[in-house]
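Trainee: Can you read through this structure? Questions will come right after.
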Amino acid sequence: MSDDKIAKILEFIHQRNPEVGELGLDDDLIDRRAVDSLAFVEFLYLLEELSGEAIDPEEIDVDDFRTLRSIDKRFLSGASA
């Protein structure tokens with residue numbers, strides 16, 4: 001688990017959506033509306049920065065963003081940034 005990177009993701013979410021409250025690793029970010037559609041592109045840029053790799057929107061699935069754990073597994077585990 002990339003704790004420092006997860007902390008940066010949580011900071012991003014709470015800056016844009018403070019009403020979301022506390023989020024655990026397995027909370028459903030989509031159901032909780034943690035990142036709205038307007039902030040999603042910024043969210044992708046953050047993930048690219050944290051992972052050190054470009055994210056091709058054609059190769060992602062909504063489930064890749066469902067939880068912090070799934071984000072870590074898909075984008076951050078083994079990332080060099």
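By order in the structure tokens, chains are A, B, ...; within a chain, residues start at 1; ligands start at 1, following the order shown.
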At a cut-off of 12 Å, using only C-alpha atoms, what residues contact range 32-43 of chain A? Leave out same-chain residues fewer than 4 positions from it and give the result as number ranges by chain.

Mentor: A: 8-24, 26-28, 47-50, 55-57, 62, 65-68, 71

Trainee: Could you save the residues just selected, with N, CA and C atoms, as a short mmCIF file (atom, residue, chain, number, x, y, z; two decimals), in the first residue's frame?

Mentor:
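Written output follows (again-v5.cif):
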data_model
loop_
_atom_site.label_atom_id
_atom_site.label_comp_id
_atom_site.auth_asym_id
_atom_site.auth_seq_id
_atom_site.Cartn_x
_atom_site.Cartn_y
_atom_site.Cartn_z
N LYS A 8 -2.13 11.74 -0.34
CA LYS A 8 -2.24 12.82 -1.32
C LYS A 8 -3.58 12.75 -2.06
N ILE A 9 -4.04 11.55 -2.34
CA ILE A 9 -5.35 11.39 -2.98
C ILE A 9 -6.45 11.88 -2.04
N LEU A 10 -6.37 11.50 -0.78
CA LEU A 10 -7.37 11.94 0.19
C LEU A 10 -7.35 13.46 0.34
N GLU A 11 -6.18 14.04 0.34
CA GLU A 11 -6.07 15.50 0.42
C GLU A 11 -6.76 16.15 -0.79
N PHE A 12 -6.51 15.62 -1.98
CA PHE A 12 -7.16 16.11 -3.20
C PHE A 12 -8.69 16.04 -3.06
N ILE A 13 -9.18 14.89 -2.62
CA ILE A 13 -10.63 14.69 -2.49
C ILE A 13 -11.21 15.68 -1.49
N HIS A 14 -10.59 15.79 -0.32
CA HIS A 14 -11.14 16.65 0.73
C HIS A 14 -11.05 18.14 0.40
N GLN A 15 -10.04 18.54 -0.39
CA GLN A 15 -9.96 19.93 -0.80
C GLN A 15 -11.11 20.29 -1.73
N ARG A 16 -11.51 19.37 -2.56
CA ARG A 16 -12.57 19.64 -3.53
C ARG A 16 -13.96 19.26 -3.04
N ASN A 17 -14.00 18.39 -2.03
CA ASN A 17 -15.28 17.90 -1.55
C ASN A 17 -15.20 17.62 -0.04
N PRO A 18 -15.12 18.67 0.76
CA PRO A 18 -14.97 18.47 2.21
C PRO A 18 -16.17 17.77 2.85
N GLU A 19 -17.32 17.81 2.21
CA GLU A 19 -18.52 17.18 2.76
C GLU A 19 -18.46 15.66 2.72
N VAL A 20 -17.52 15.10 1.97
CA VAL A 20 -17.47 13.64 1.81
C VAL A 20 -17.14 12.93 3.12
N GLY A 21 -16.47 13.62 4.03
CA GLY A 21 -16.15 13.02 5.32
C GLY A 21 -14.97 12.05 5.22
N GLU A 22 -14.83 11.24 6.25
CA GLU A 22 -13.72 10.29 6.31
C GLU A 22 -13.94 9.16 5.32
N LEU A 23 -12.85 8.75 4.68
CA LEU A 23 -12.91 7.66 3.71
C LEU A 23 -11.93 6.56 4.10
N GLY A 24 -12.40 5.33 4.08
CA GLY A 24 -11.55 4.18 4.31
C GLY A 24 -11.09 3.60 2.99
N ASP A 26 -11.68 0.83 1.63
CA ASP A 26 -12.67 0.05 0.89
C ASP A 26 -14.01 0.75 0.73
N ASP A 27 -14.07 2.03 1.11
CA ASP A 27 -15.30 2.79 0.88
C ASP A 27 -15.47 3.04 -0.62
N ASP A 28 -16.70 2.96 -1.08
CA ASP A 28 -16.99 3.15 -2.50
C ASP A 28 -16.99 4.64 -2.82
N LEU A 47 -3.18 11.17 -10.44
CA LEU A 47 -2.76 9.76 -10.47
C LEU A 47 -1.57 9.55 -11.40
N GLU A 48 -1.54 10.26 -12.51
CA GLU A 48 -0.38 10.18 -13.40
C GLU A 48 0.87 10.69 -12.71
N GLU A 49 0.73 11.79 -12.00
CA GLU A 49 1.87 12.36 -11.27
C GLU A 49 2.36 11.38 -10.19
N LEU A 50 1.44 10.81 -9.45
CA LEU A 50 1.81 9.90 -8.37
C LEU A 50 2.39 8.58 -8.88
N ILE A 55 -1.89 7.73 -18.11
CA ILE A 55 -3.08 6.90 -18.02
C ILE A 55 -3.88 7.08 -19.30
N ASP A 56 -4.08 6.00 -20.02
CA ASP A 56 -4.86 6.04 -21.25
C ASP A 56 -6.33 5.86 -20.89
N PRO A 57 -7.15 6.89 -21.10
CA PRO A 57 -8.56 6.79 -20.74
C PRO A 57 -9.28 5.62 -21.42
N VAL A 62 -14.35 1.80 -14.76
CA VAL A 62 -14.90 2.52 -13.62
C VAL A 62 -14.51 1.84 -12.30
N PHE A 65 -11.54 2.92 -10.11
CA PHE A 65 -11.68 4.10 -9.27
C PHE A 65 -12.68 3.92 -8.14
N ARG A 66 -13.15 2.72 -7.95
CA ARG A 66 -14.23 2.49 -6.98
C ARG A 66 -13.78 2.70 -5.54
N THR A 67 -12.58 2.24 -5.19
CA THR A 67 -12.07 2.37 -3.82
C THR A 67 -10.62 2.85 -3.84
N LEU A 68 -10.15 3.34 -2.71
CA LEU A 68 -8.74 3.71 -2.61
C LEU A 68 -7.86 2.49 -2.81
N ILE A 71 -7.63 1.82 -6.54
CA ILE A 71 -6.77 2.83 -7.15
C ILE A 71 -5.31 2.48 -6.88
#

Trainee: As an NGL selection string, please: every residue in range 8-78 of chain A that a backbone DSSP assignment puts in alpha helix (DSSP H).

Mentor: :A and (8-16 or 37-51 or 68-71)

Trainee: Can you measure CA of Ser77 in chain A to CA of Asp31 in chain A for me? One decimal in Å is fine.

Mentor: 23.8 Å

Trainee: Would you mind reading off the distance between CA of Glu59 in chain A and CA of Met1 in chain A, one decimal, in Å?

Mentor: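 Interatomic distance here is 22.4 Å.
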
Trainee: Using Å and a single decimal, report how far CA of Asp72 in chain A sits from CA of Ser51 in chain A.

Mentor: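 Straight-line distance from CA of Ser51 in chain A to CA of Asp72 in chain A works out to 9.5 Å.
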